[in-house]
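Structure file model.txt with compact mmCIF, C-alpha atoms and all ligand atoms:
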```
# COMPACT_ATOMS: atom_id res chain seq x y z
CA MET E 1 0.00 0.00 0.00
CA GLN E 2 1.39 3.35 -1.07
CA MET E 3 1.47 6.05 1.55
CA PRO E 4 -0.38 9.20 0.44
CA SER E 5 1.75 12.00 -0.94
CA LEU E 6 2.54 15.04 1.15
CA SER E 7 0.15 17.51 -0.45
CA SER E 8 0.00 21.11 0.67
CA ASP E 9 -3.51 20.92 2.12
CA ALA E 10 -2.67 17.96 4.37
CA HIS E 11 -1.87 18.43 8.03
CA VAL E 12 1.88 17.81 8.25
CA ILE E 13 4.18 18.23 11.22
CA GLN E 14 7.74 19.09 10.29
CA GLY E 15 10.09 17.36 12.66
CA ILE E 16 13.88 17.35 12.65
CA PHE E 17 14.44 13.94 11.06
CA TYR E 18 10.97 13.16 9.85
CA LYS E 19 7.71 14.62 8.59
CA TYR E 20 4.44 13.39 9.97
CA LEU E 21 1.23 13.39 7.96
CA PHE E 22 -1.95 13.11 10.01
CA VAL E 23 -3.98 10.14 8.72
CA GLY E 24 -6.67 9.58 11.30
CA SER E 25 -7.72 9.36 14.90
CA GLY E 26 -10.08 7.38 17.07
CA ALA E 27 -10.82 7.58 20.77
CA GLN E 28 -7.37 6.50 21.86
CA PHE E 29 -4.74 7.52 19.35
CA ARG E 30 -4.05 9.97 16.60
CA VAL E 31 -2.05 8.52 13.83
CA TYR E 32 0.55 10.02 11.50
CA ALA E 33 2.28 8.50 8.49
CA VAL E 34 6.04 9.00 8.80
CA TYR E 35 8.20 10.39 5.98
CA THR E 36 11.90 11.16 5.88
CA HIS E 37 12.82 14.85 5.76
CA ASP E 38 13.22 14.54 1.96
CA ASP E 39 9.66 13.20 1.60
CA ARG E 40 10.37 9.49 1.24
CA PRO E 41 7.71 7.33 2.90
CA THR E 42 9.01 5.10 5.70
CA ARG E 43 5.91 2.87 5.36
CA ARG E 44 5.32 3.25 9.07
CA VAL E 45 2.83 5.21 11.12
CA VAL E 46 3.27 6.61 14.61
CA LYS E 47 0.39 6.36 17.07
CA VAL E 48 0.21 9.13 19.64
CA PRO E 49 -2.00 8.57 22.70
CA LEU E 50 -4.84 11.04 23.28
CA ASP E 51 -5.08 12.71 26.66
CA PHE E 52 -8.21 12.93 28.80
CA ASP E 53 -9.72 15.99 27.08
CA GLU E 54 -9.05 14.69 23.58
CA THR E 55 -10.50 11.30 24.42
CA ARG E 56 -13.58 12.87 25.97
CA LYS E 57 -14.08 15.01 22.91
CA ALA E 58 -13.70 11.98 20.62
CA ILE E 59 -16.31 9.90 22.44
CA SER E 60 -18.77 12.70 23.18
CA GLU E 61 -20.38 13.18 19.79
CA PRO E 62 -21.36 9.55 19.14
CA LEU E 63 -22.32 9.14 22.81
CA ARG E 64 -24.64 12.13 22.57
CA ARG E 65 -26.22 10.85 19.39
CA LEU E 66 -26.83 7.44 20.96
CA ALA E 67 -29.09 9.35 23.40
CA VAL E 68 -28.80 7.16 26.47
CA HIS E 69 -28.95 10.11 28.85
CA ASP E 70 -31.86 12.10 30.29
CA SER E 71 -30.06 15.24 31.34
CA GLU E 72 -26.86 17.16 30.67
CA GLU E 73 -25.55 16.15 34.09
CA MET E 74 -26.18 12.51 33.35
CA PHE E 75 -24.40 12.93 30.04
CA ASP E 76 -21.35 14.50 31.71
CA GLU E 77 -21.18 11.63 34.15
CA LEU E 78 -21.50 9.06 31.40
CA ALA E 79 -18.89 10.78 29.23
CA ASP E 80 -16.37 10.95 32.11
CA LYS E 81 -16.90 7.30 32.94
CA ARG E 82 -16.49 6.22 29.33
CA THR E 83 -13.38 8.40 28.95
CA TYR E 84 -11.66 6.74 31.90
CA GLU E 85 -12.56 3.32 30.52
CA VAL E 86 -11.14 4.12 27.10
CA LEU E 87 -7.95 5.60 28.58
CA ARG E 88 -7.43 2.54 30.73
CA PHE E 89 -7.50 0.11 27.83
CA LYS E 90 -4.55 1.84 26.23
CA TYR E 91 -2.31 0.65 29.03
CA ASP E 92 -2.92 -2.94 27.95
CA VAL E 93 -1.58 -2.43 24.44
CA PRO E 94 2.06 -3.32 25.25
CA ARG E 95 0.82 -6.78 26.25
CA LEU E 96 0.31 -7.49 22.54
CA ILE E 97 4.03 -7.33 21.84
CA GLU E 98 5.43 -8.67 25.11
CA GLY E 99 6.86 -12.10 25.85
CA ILE E 100 5.82 -14.99 23.61
CA LEU E 101 3.45 -12.76 21.64
CA GLY E 102 6.39 -10.60 20.60
CA GLU E 103 8.28 -13.74 19.64
CA ASP E 104 5.60 -14.89 17.22
CA LYS E 105 6.46 -13.47 13.82
CA ILE E 106 3.13 -14.35 12.22
CA PHE E 107 1.18 -12.83 15.06
CA ARG E 108 3.31 -9.68 14.89
CA ARG E 109 2.60 -9.40 11.19
CA LYS E 110 -1.14 -9.65 11.82
CA ILE E 111 -0.99 -6.62 14.08
CA GLY E 112 0.99 -4.63 11.52
CA ASN E 113 4.37 -5.18 13.20
CA LEU E 114 3.32 -3.00 16.09
CA LYS E 115 6.28 -1.65 18.05
CA MET E 116 6.78 0.56 21.01
CA LEU E 117 8.54 3.87 20.68
CA GLN E 118 10.06 4.20 24.08
CA MET E 119 10.83 7.75 24.90
CA PRO E 120 10.73 9.62 28.21
CA ILE E 121 9.13 13.00 27.82
CA PRO E 122 10.26 15.73 30.20
CA SER E 123 7.29 17.32 31.88
CA SER E 124 6.39 20.68 30.39
CA LYS E 125 6.06 22.16 33.87
CA PRO E 126 9.37 23.80 34.75
CA ASP E 127 11.37 22.92 37.84
CA ASN E 128 9.70 19.73 38.94
CA GLY E 129 12.18 17.64 36.97
CA ALA E 130 9.57 14.97 36.40
CA TYR E 131 9.13 12.85 33.32
CA HIS E 132 5.83 11.66 32.08
CA LEU E 133 5.83 8.85 29.67
CA PRO E 134 3.10 8.65 27.09
CA THR E 135 3.70 5.45 25.22
CA LEU E 136 3.84 5.97 21.50
CA PHE E 137 3.59 3.07 19.09
CA THR E 138 4.60 2.56 15.50
CA GLN E 139 3.01 0.25 12.95
CA ASP E 140 3.10 -0.60 9.26
CA PHE E 141 1.11 1.80 7.13
CA VAL E 142 -1.83 -0.07 5.61
CA MET E 143 -5.03 0.75 3.79
CA THR E 144 -7.90 0.99 6.26
CA LEU E 145 -10.72 -1.49 5.82
CA ASP E 146 -13.03 1.49 5.52
CA GLU E 147 -11.15 2.73 2.46
CA TYR E 148 -11.21 -0.73 0.94
CA LEU E 149 -14.97 -1.03 1.53
CA GLN E 150 -15.67 2.19 -0.36
CA GLN E 151 -15.70 0.34 -3.68
CA PHE E 152 -18.63 -1.76 -2.42
CA ARG E 153 -20.80 1.10 -1.26
CA LEU E 154 -24.17 1.38 -2.98
CA ALA E 155 -23.31 -1.75 -4.95
CA THR E 156 -26.77 -3.22 -4.39
CA ASN E 157 -27.91 -0.63 -6.86
CA PRO E 158 -26.68 -1.82 -10.26
CA TYR E 159 -27.07 1.69 -11.68
CA MET E 160 -24.61 3.03 -9.16
CA ARG E 161 -21.89 0.45 -9.42
CA THR E 162 -21.00 -2.73 -11.19
CA LEU E 163 -18.75 -5.18 -9.45
CA GLU E 164 -16.58 -7.93 -10.78
CA LEU E 165 -17.36 -11.34 -9.36
CA GLU E 166 -13.72 -11.50 -8.32
CA ALA E 167 -14.13 -8.38 -6.19
CA ILE E 168 -17.06 -9.93 -4.31
CA ARG E 169 -15.06 -13.09 -3.74
CA GLN E 170 -12.20 -11.08 -2.32
CA LEU E 171 -14.61 -9.22 -0.06
CA GLU E 172 -15.99 -12.50 1.29
CA GLU E 173 -12.45 -13.70 1.86
CA VAL E 174 -11.74 -10.50 3.82
CA VAL E 175 -14.80 -11.14 6.02
CA ASP E 176 -13.58 -14.70 6.57
CA GLN E 177 -10.29 -13.24 7.74
CA VAL E 178 -12.14 -11.14 10.33
CA ILE E 179 -13.20 -14.46 11.84
CA SER E 180 -9.79 -16.12 11.60
CA LEU E 181 -8.08 -13.09 13.15
CA ASN E 182 -10.40 -13.40 16.13
CA PHE E 183 -9.46 -17.08 16.44
CA THR E 184 -5.77 -16.12 16.26
CA ILE E 185 -5.99 -13.78 19.23
CA TRP E 186 -8.25 -16.14 21.19
CA GLU E 187 -5.44 -18.70 20.96
CA TYR E 188 -3.37 -16.24 22.96
CA GLY E 189 -6.11 -15.63 25.52
CA ILE E 190 -7.01 -12.21 24.13
CA PHE E 191 -10.56 -11.17 23.33
CA GLU E 192 -11.38 -8.04 21.38
CA PHE E 193 -14.79 -6.91 22.48
CA VAL E 194 -15.96 -4.13 20.18
CA PHE E 195 -15.98 -5.92 16.82
CA LYS E 196 -15.60 -2.68 14.90
CA PRO E 197 -14.82 -2.98 11.17
CA GLU E 198 -12.86 0.28 11.32
CA ASN E 199 -10.23 -1.33 13.50
CA PHE E 200 -8.88 -3.38 10.64
CA GLY E 201 -6.54 -2.57 7.80
CA ILE E 202 -5.69 -4.42 4.68
CA ARG E 203 -2.68 -5.00 2.50
CA PHE E 204 -2.16 -6.77 -0.77
CA SER E 205 0.58 -9.19 -1.68
CA ALA E 206 2.32 -9.08 -5.06
CA ASN E 207 -0.21 -11.57 -6.49
CA GLY E 208 -3.10 -9.36 -5.38
CA LYS E 209 -4.15 -11.45 -2.41
CA ALA E 210 -5.72 -9.43 0.38
CA GLU E 211 -4.43 -9.76 3.91
CA LEU E 212 -6.39 -8.39 6.82
CA ILE E 213 -4.41 -6.64 9.58
CA TRP E 214 -5.66 -5.74 13.02
CA ILE E 215 -4.57 -2.11 13.33
CA ASP E 216 -6.43 -1.32 16.51
CA LEU E 217 -6.51 -4.03 19.12
CA ALA E 218 -6.51 -1.70 22.11
CA GLU E 219 -9.93 -2.65 23.41
CA HIS E 220 -9.36 -6.18 24.55
CA ILE E 221 -9.77 -8.26 27.69
CA THR E 222 -8.21 -11.49 28.95
CA ASP E 223 -10.97 -12.85 31.16
CA LEU E 224 -12.79 -15.83 29.65
CA ASP E 225 -16.03 -15.41 31.62
CA GLU E 226 -16.30 -11.77 30.66
CA ALA E 227 -15.46 -12.66 27.05
CA THR E 228 -18.14 -15.34 27.00
CA SER E 229 -20.89 -13.02 28.14
CA ILE E 230 -19.85 -10.28 25.71
CA LEU E 231 -19.69 -12.77 22.85
CA LYS E 232 -23.33 -13.67 23.47
CA GLU E 233 -24.30 -10.05 22.81
CA ARG E 234 -23.21 -10.43 19.16
CA ARG E 235 -21.78 -6.91 18.99
CA TRP E 236 -20.78 -7.35 15.33
CA GLN E 237 -24.43 -6.59 14.60
CA HIS E 238 -23.74 -2.96 15.47
CA ALA E 239 -21.98 -2.60 12.13
CA VAL E 240 -25.29 -3.17 10.32
CA LEU E 241 -27.57 -1.22 12.67
CA PRO E 242 -28.08 2.24 11.14
CA HIS E 243 -28.60 3.97 14.50
CA LYS E 244 -25.26 2.69 15.89
CA VAL E 245 -23.38 5.80 14.85
CA ASP E 246 -20.32 4.78 16.84
CA TYR E 247 -19.72 1.96 14.34
CA GLN E 248 -18.83 2.26 10.69
CA PHE E 249 -21.71 0.99 8.63
CA MET E 250 -20.97 -2.17 6.62
CA PRO E 251 -21.68 -1.86 2.89
CA THR E 252 -25.18 -3.22 2.27
CA ILE E 253 -23.97 -5.78 -0.23
CA ILE E 254 -21.90 -7.71 2.33
CA GLN E 255 -24.10 -7.32 5.40
CA ASN E 256 -25.83 -10.70 5.23
CA TYR E 257 -22.61 -12.56 4.54
CA PHE E 258 -20.84 -10.71 7.38
CA ILE E 259 -23.55 -11.36 9.96
CA GLU E 260 -23.99 -15.00 8.97
CA ALA E 261 -20.26 -15.65 9.06
CA CYS E 262 -19.90 -14.04 12.50
CA ASP E 263 -22.99 -15.77 13.91
CA LYS E 264 -21.79 -19.11 12.62
CA SER E 265 -18.19 -18.87 13.83
CA LEU E 266 -17.95 -16.43 16.71
CA THR E 267 -19.65 -18.83 19.10
CA VAL E 268 -19.08 -19.77 22.71
CA GLU E 269 -18.18 -23.26 21.50
CA ASN E 270 -15.40 -21.90 19.29
CA LEU E 271 -14.26 -19.50 21.99
CA ASN E 272 -13.72 -22.45 24.31
CA LYS E 273 -12.09 -24.44 21.55
CA TYR E 274 -9.52 -21.77 20.69
CA TRP E 275 -9.11 -20.05 24.05
CA ARG E 276 -5.45 -20.07 25.14
CA ARG E 277 -4.73 -22.99 22.82
CA LYS E 278 -1.38 -21.61 21.76
CA THR E 279 -0.36 -20.24 25.16
CA ASN E 280 -1.19 -23.52 26.89
CA ARG E 281 0.88 -25.43 24.36
CA ILE E 282 3.87 -23.13 24.77
CA GLU E 283 3.57 -23.14 28.56
CA LYS E 284 3.57 -26.95 28.58
CA ALA E 285 6.52 -27.27 26.20
CA ARG E 286 8.66 -24.76 28.11
CA SER E 287 7.73 -26.34 31.43
CA ARG E 288 8.74 -29.78 30.16
CA LYS E 289 12.07 -28.41 28.96
CA LEU E 290 12.83 -26.79 32.31
CA ARG E 291 11.81 -29.96 34.13
CA MET E 292 14.24 -32.01 32.02
CA ARG E 293 17.10 -29.62 32.71
CA GLU E 294 16.24 -29.70 36.39
CA ILE E 295 16.43 -33.49 36.45
CA VAL E 296 19.76 -33.78 34.64
CA THR E 297 21.64 -30.98 36.36
CA GLN E 298 24.26 -31.94 38.97
CA ASP E 299 24.25 -28.47 40.45
CA SER E 300 21.64 -28.28 43.24
CA LYS E 301 21.57 -24.49 43.21
CA LYS E 302 20.87 -24.50 39.50
CA ALA E 303 18.15 -27.10 40.03
CA VAL E 304 16.37 -24.81 42.47
CA GLY E 305 16.64 -21.94 39.98
CA LEU E 306 15.09 -24.10 37.26
CA TRP E 307 12.32 -25.19 39.60
CA ILE E 308 11.52 -21.55 40.36
CA ALA E 309 11.64 -20.63 36.68
CA ARG E 310 9.21 -23.44 35.86
CA HIS E 311 6.76 -22.28 38.51
CA ASN E 312 6.95 -18.69 37.32
CA LEU E 313 6.31 -19.52 33.67
CA SER E 314 2.67 -18.38 33.75
CA GLN E 315 3.99 -14.85 34.30
CA SER E 316 7.44 -14.78 32.79
CA LEU E 317 6.28 -16.07 29.39
CA TYR E 318 4.21 -12.93 28.92
CA GLN E 319 6.75 -10.38 30.01
CA GLY E 320 9.70 -8.63 28.48
CA PHE E 321 10.28 -6.86 25.20
CA LEU E 322 12.51 -8.31 22.54
CA PRO E 323 14.67 -5.77 20.68
CA HIS E 324 12.55 -6.05 17.52
CA THR E 325 9.44 -4.92 19.38
CA ILE E 326 11.09 -1.59 20.20
CA ASP E 327 11.23 0.76 17.26
CA ASP E 328 14.57 1.95 15.97
CA LEU E 329 13.19 4.93 14.06
CA ALA E 330 15.36 7.04 16.39
CA MET E 331 12.77 9.75 16.61
CA PRO E 332 14.19 12.94 18.13
CA LEU E 333 12.65 14.04 21.40
CA SER E 334 11.56 17.35 19.94
CA ASP E 335 9.64 15.49 17.20
CA VAL E 336 7.83 13.47 19.85
CA GLU E 337 7.04 16.63 21.78
CA GLN E 338 5.61 18.25 18.68
CA LEU E 339 3.48 15.18 18.01
CA VAL E 340 2.22 14.97 21.57
CA SER E 341 1.26 18.64 21.69
CA ASP E 342 -0.34 18.76 18.23
CA ARG E 343 -3.99 19.85 18.38
CA GLU E 344 -4.31 21.13 14.85
CA TYR E 345 -5.26 17.66 13.72
CA LEU E 346 -8.72 18.40 15.11
CA THR E 347 -9.53 20.56 12.12
CA ALA E 348 -8.31 17.88 9.72
CA GLY E 349 -10.80 15.26 10.93
CA ARG E 350 -12.21 12.36 8.97
CA VAL E 351 -14.97 13.22 6.57
CA ILE E 352 -17.56 10.46 6.51
CA PRO E 353 -18.01 9.51 2.86
CA ILE E 354 -21.43 10.38 1.49
CA GLU E 355 -21.97 6.79 0.31
CA GLU E 356 -21.75 5.48 3.87
CA LYS E 357 -24.31 8.06 4.98
CA VAL E 358 -26.64 7.14 2.11
CA GLU E 359 -26.45 3.42 2.88
CA ARG E 360 -27.08 4.06 6.56
CA HIS E 361 -29.99 6.36 5.81
CA THR E 362 -31.55 3.94 3.34
CA ALA E 363 -31.34 1.18 5.94
CA GLU E 364 -32.97 3.48 8.47
CA LEU E 365 -35.89 3.97 6.09
CA GLY E 366 -36.50 0.25 5.90
CA GLY E 367 -33.43 -1.25 4.38
CA THR E 368 -33.24 -3.08 1.12
CA ASP E 369 -36.99 -3.67 1.01
CA LEU E 370 -37.52 -0.05 0.24
CA ARG E 371 -38.84 0.55 -3.24
CA VAL E 372 -39.26 3.94 -4.76
CA PHE E 373 -41.89 4.09 -7.43
CA PRO E 374 -41.91 7.00 -9.80
CA VAL E 375 -45.10 9.01 -9.66
CA ILE E 376 -46.83 8.95 -13.03
CA ARG E 377 -49.48 11.53 -13.59
CA SER E 378 -51.69 11.90 -16.58
CA THR E 379 -51.17 15.25 -18.21
CA PHE E 380 -54.88 15.51 -18.76
CA SER E 381 -55.76 14.93 -15.15
CA GLN E 382 -59.42 15.43 -14.35
CA GLU E 383 -58.47 16.68 -10.92
CA GLY E 384 -59.21 20.29 -10.23
CA LYS E 385 -61.56 20.60 -13.15
CA THR E 386 -64.32 22.37 -11.43
CA LEU E 387 -65.72 24.28 -14.31
N1 LIG S 1 -1.41 1.26 10.51
C1 LIG S 1 -2.18 2.20 10.01
N2 LIG S 1 -2.11 2.56 8.70
C2 LIG S 1 -2.91 3.54 8.20
N3 LIG S 1 -3.82 4.21 8.92
C3 LIG S 1 -3.94 3.91 10.23
C4 LIG S 1 -3.14 2.89 10.84
N4 LIG S 1 -3.47 2.81 12.14
C5 LIG S 1 -4.44 3.72 12.34
N5 LIG S 1 -4.74 4.39 11.21
C6 LIG S 1 -5.76 5.46 11.06
O1 LIG S 1 -5.92 6.14 12.30
C7 LIG S 1 -7.21 5.90 12.88
C8 LIG S 1 -7.10 5.74 14.38
O2 LIG S 1 -6.22 4.68 14.69
P1 LIG S 1 -6.61 3.50 15.69
O3 LIG S 1 -5.44 2.63 15.82
O4 LIG S 1 -7.88 2.88 15.27
O5 LIG S 1 -6.80 4.31 17.05
P2 LIG S 1 -8.04 4.40 18.06
O6 LIG S 1 -7.74 3.40 19.10
O7 LIG S 1 -7.97 5.79 18.58
O8 LIG S 1 -9.30 4.11 17.34
C9 LIG S 1 -7.73 4.66 12.16
O9 LIG S 1 -9.11 4.64 12.12
C10 LIG S 1 -7.11 4.84 10.77
O10 LIG S 1 -7.85 5.77 10.00
MG MG S 2 -9.82 2.59 16.15
```
I'd like the structure from this file rewritten - as structure tokens, please.
Ligand SMILES: Nc1ncnc2c1ncn2[C@@H]1O[C@H](COP(=O)(O)OP(=O)(O)O)[C@@H](O)[C@H]1O
Ligand SMILES: [Mg+2]
Amino acid sequence: MQMPSLSSDAHVIQGIFYKYLFVGSGAQFRVYAVYTHDDRPTRRVVKVPLDFDETRKAISEPLRRLAVHDSEEMFDELADKRTYEVLRFKYDVPRLIEGILGEDKIFRRKIGNLKMLQMPIPSSKPDNGAYHLPTLFTQDFVMTLDEYLQQFRLATNPYMRTLELEAIRQLEEVVDQVISLNFTIWEYGIFEFVFKPENFGIRFSANGKAELIWIDLAEHITDLDEATSILKERRWQHAVLPHKVDYQFMPTIIQNYFIEACDKSLTVENLNKYWRRKTNRIEKARSRKLRMREIVTQDSKKAVGLWIARHNLSQSLYQGFLPHTIDDLAMPLSDVEQLVSDREYLTAGRVIPIEEKVERHTAELGGTDLRVFPVIRSTFSQEGKTL
């Protein structure tokens, strides 16, 4: 996927080593594509965490439109609560690249080679000498699923768009990959609970095959009971409910396939089947290895160490960052400071494509069953002839 070019109307931050083009934001991060100072794309994005006010602003509009509050006070309370929740989930992101997850090359690829940009930021308040440490991440630049889906908007209307059979097949394959990506993270004991289509990206191999990438896996939990009860809510439906304005609306043409595929595969039975399958296997294998070494060692001190290591595996396997999970972009501190303090991105927000609005609105009016009949009037109507 080509990174967009640095046009003059785009919101670009000029750093010392790099240039940063704002490409989008959600409720947790704002994201910039990274270019070298002579405009060459690095093919990576940097994800800058939003602070409390930014997060609150990001969640407020959809929350207000969902109208679950009776008064302004109740809304304020709800918005604060939701903001804290959203902020909290960000702290779990490093888990995705720690320990055995960071070791797994295929898994890393599926989350766009997410890396941490570790960088202590001196506090802007003078004299207190403190550092605060917003964790920035980097990731491969990919096409968002939303962009990819544009070509399928309004496709149920043959006058608006004609689609190649091949395109539909690829789309179905992409939906199938939504399912398999969920299975992949379940195998690591991770459950993503929002099921938002906008959290995926896509890239194409040289032979044109589409590969789905999970670009935003921040909202996840690791508790099986909680996961089970959320799964039963079938939240993927939100992507086809026109009033769920906090979800991108799935193109009409794929809605049935999407819902059927999710209903069929994202089941409690499959959750139990896949849950921690990989982690359990790795834990067992490593434990067996340590046990063997413990048995054969002549050194009693070493044997105790191995025994302790074996009994700590359930924690130690999930901790620690390998060098390749820390980014080596060598981003200057002043660049990071500029990125963290950027607020101009707010005026360069995402414009919801008109086609998405039209599909949502049509569904609101009664979905695909809606038929519009032209009104045919006789020119020699008898109506009004009172003479
Ligand atoms: N790897 C990426 N490549 C291209 N665009 C991205 C990438 N990651 C995020 N974006 C853009 O930035 C937006 C916000 O990023 P996301 O990771 O979803 O953060 P949030 O948790 O705030 O929703 C996305 O909706 C997308 O438009
Ligand atoms: Mg997102």
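Between atom MG of ligand MG 2 (chain S) and atom CA of E:Leu217 lies a distance of 8.0 Å.
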Item to check | Shell of 8 Å around ligand LIG 1 (chain S) (only C-alpha atoms and all ligand atoms), written as a ChimeraX atom specification | outcome: /E:23-33,44-45,47,49-50,90,112,138-144,198-201,215-219,350
Item to check | Radius query 12 Å about (-13.5, -0.8, -2.3), atoms used: all atoms listed in the file, as a PyMOL selection string | outcome: chain E and resi 143-155+161-164+167-168+170-171+174+202+210+250-251+253-254+355
Restricting it to C-alpha atoms, dump the selection as a PDB file, keeping the file's coordinate frame.
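Written out: again.pdb:
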```pdb
ATOM      1  CA  MET E 143      -5.030   0.750   3.790  1.00  0.00           C
ATOM      2  CA  THR E 144      -7.900   0.990   6.260  1.00  0.00           C
ATOM      3  CA  LEU E 145     -10.720  -1.490   5.820  1.00  0.00           C
ATOM      4  CA  ASP E 146     -13.030   1.490   5.520  1.00  0.00           C
ATOM      5  CA  GLU E 147     -11.150   2.730   2.460  1.00  0.00           C
ATOM      6  CA  TYR E 148     -11.210  -0.730   0.940  1.00  0.00           C
ATOM      7  CA  LEU E 149     -14.970  -1.030   1.530  1.00  0.00           C
ATOM      8  CA  GLN E 150     -15.670   2.190  -0.360  1.00  0.00           C
ATOM      9  CA  GLN E 151     -15.700   0.340  -3.680  1.00  0.00           C
ATOM     10  CA  PHE E 152     -18.630  -1.760  -2.420  1.00  0.00           C
ATOM     11  CA  ARG E 153     -20.800   1.100  -1.260  1.00  0.00           C
ATOM     12  CA  LEU E 154     -24.170   1.380  -2.980  1.00  0.00           C
ATOM     13  CA  ALA E 155     -23.310  -1.750  -4.950  1.00  0.00           C
ATOM     14  CA  ARG E 161     -21.890   0.450  -9.420  1.00  0.00           C
ATOM     15  CA  THR E 162     -21.000  -2.730 -11.190  1.00  0.00           C
ATOM     16  CA  LEU E 163     -18.750  -5.180  -9.450  1.00  0.00           C
ATOM     17  CA  GLU E 164     -16.580  -7.930 -10.780  1.00  0.00           C
ATOM     18  CA  ALA E 167     -14.130  -8.380  -6.190  1.00  0.00           C
ATOM     19  CA  ILE E 168     -17.060  -9.930  -4.310  1.00  0.00           C
ATOM     20  CA  GLN E 170     -12.200 -11.080  -2.320  1.00  0.00           C
ATOM     21  CA  LEU E 171     -14.610  -9.220  -0.060  1.00  0.00           C
ATOM     22  CA  VAL E 174     -11.740 -10.500   3.820  1.00  0.00           C
ATOM     23  CA  ILE E 202      -5.690  -4.420   4.680  1.00  0.00           C
ATOM     24  CA  ALA E 210      -5.720  -9.430   0.380  1.00  0.00           C
ATOM     25  CA  MET E 250     -20.970  -2.170   6.620  1.00  0.00           C
ATOM     26  CA  PRO E 251     -21.680  -1.860   2.890  1.00  0.00           C
ATOM     27  CA  ILE E 253     -23.970  -5.780  -0.230  1.00  0.00           C
ATOM     28  CA  ILE E 254     -21.900  -7.710   2.330  1.00  0.00           C
ATOM     29  CA  GLU E 355     -21.970   6.790   0.310  1.00  0.00           C
TER      30      GLU E 355
END
```
Checklist entry - Quick one: distance from atom CA of E:Ala227 to atom CA of E:Arg88 in Å, one decimal? => result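 Computed distance, atom CA of E:Ala227 to atom CA of E:Arg88, equals 17.6 Å.
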Checklist entry - Out of E:Ile295, E:Ala285, E:Ile179, E:Leu271, which residue has the shortest atom-to-atom distance to E:Asp225 when counting only C-alpha atoms? => result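 Among the listed residues, E:Leu271 lies closest to E:Asp225.
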Checklist entry - At what distance in Å, to one decimal, does atom CA of E:Ile111 lie from atom CA of E:Glu211? => result 11.2 Å
Checklist entry - Within 8 Å of E:Ala10, counting all atoms listed in the file, which residues qualify if same-chain residues fewer than 2 places away don't, as a PyMOL selection string? => result chain E and resi 6-8+12+21-22+348
The selected residues should be written to file as a PDB file, keeping the file's coordinate frame (atoms: C-alpha atoms).
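So part_7.pdb came out as:
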```
ATOM      1  CA  LEU E   6       2.540  15.040   1.150  1.00  0.00           C
ATOM      2  CA  SER E   7       0.150  17.510  -0.450  1.00  0.00           C
ATOM      3  CA  SER E   8       0.000  21.110   0.670  1.00  0.00           C
ATOM      4  CA  VAL E  12       1.880  17.810   8.250  1.00  0.00           C
ATOM      5  CA  LEU E  21       1.230  13.390   7.960  1.00  0.00           C
ATOM      6  CA  PHE E  22      -1.950  13.110  10.010  1.00  0.00           C
ATOM      7  CA  ALA E 348      -8.310  17.880   9.720  1.00  0.00           C
TER       8      ALA E 348
END
```
Might I get the box with edges along x, y and z of the file that holds all atoms of stretch 300-313 of chain E listed there, padded by 4 Å on every side, given as centre and edge lengths in Å to one decimal, as lines of an AutoDock Vina configuration file?
```
center_x = 14.0
center_y = -23.5
center_z = 38.5
size_x = 23.3
size_y = 17.6
size_z = 17.6
```
Item to check | Top pick for closest residue to ligand MG 2 (chain S), considering E:Phe107, E:Phe204, E:Phe52, E:Trp214 and counting all atoms listed in the file | outcome: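 Looking at the shortest contact to ligand MG 2 (chain S), the residue is E:Trp214.
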Checklist entry - Using only C-alpha atoms and all ligand atoms, which residue out of E:Asp246, E:Glu85, E:Asp92, E:Asp51 lies closest to ligand MG 2 (chain S)? => result E:Asp246
Next on the checklist: I'd like to know which of E:Val296, E:Leu329, E:Ile100, E:Leu212 is closest to E:Lys115, using only C-alpha atoms.
Outcome noted: E:Leu329
Next on the checklist: Here is a test: counting only C-alpha atoms, which residue of E:Trp186, E:Arg56, E:Arg65, E:Ser300 is nearest to E:Asp80?
Outcome noted: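 Of E:Trp186, E:Arg56, E:Arg65, E:Ser300, the one nearest E:Asp80, counting only C-alpha atoms, is E:Arg56.
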So that I can check the surroundings of E:Phe249, please list as a CSV table (one decimal) with C-alpha atoms, in the coordinates of the input every protein, DNA and RNA residue that reaches within 9 Å of it, counting only C-alpha atoms and ignoring chain neighbours fewer than 5 positions away.
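Below you can see part.csv, which holds the result:
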```
chain,number,residue,atom,x,y,z
E,197,PRO,CA,-14.8,-3.0,11.2
E,238,HIS,CA,-23.7,-3.0,15.5
E,239,ALA,CA,-22.0,-2.6,12.1
E,240,VAL,CA,-25.3,-3.2,10.3
E,241,LEU,CA,-27.6,-1.2,12.7
E,242,PRO,CA,-28.1,2.2,11.1
E,244,LYS,CA,-25.3,2.7,15.9
E,356,GLU,CA,-21.8,5.5,3.9
E,357,LYS,CA,-24.3,8.1,5.0
E,359,GLU,CA,-26.4,3.4,2.9
E,360,ARG,CA,-27.1,4.1,6.6
```
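Among the candidates E:Val304, E:Ile259, E:Thr252, E:Phe321, the one nearest to E:Asn157 when counting all atoms listed in the file is E:Thr252.
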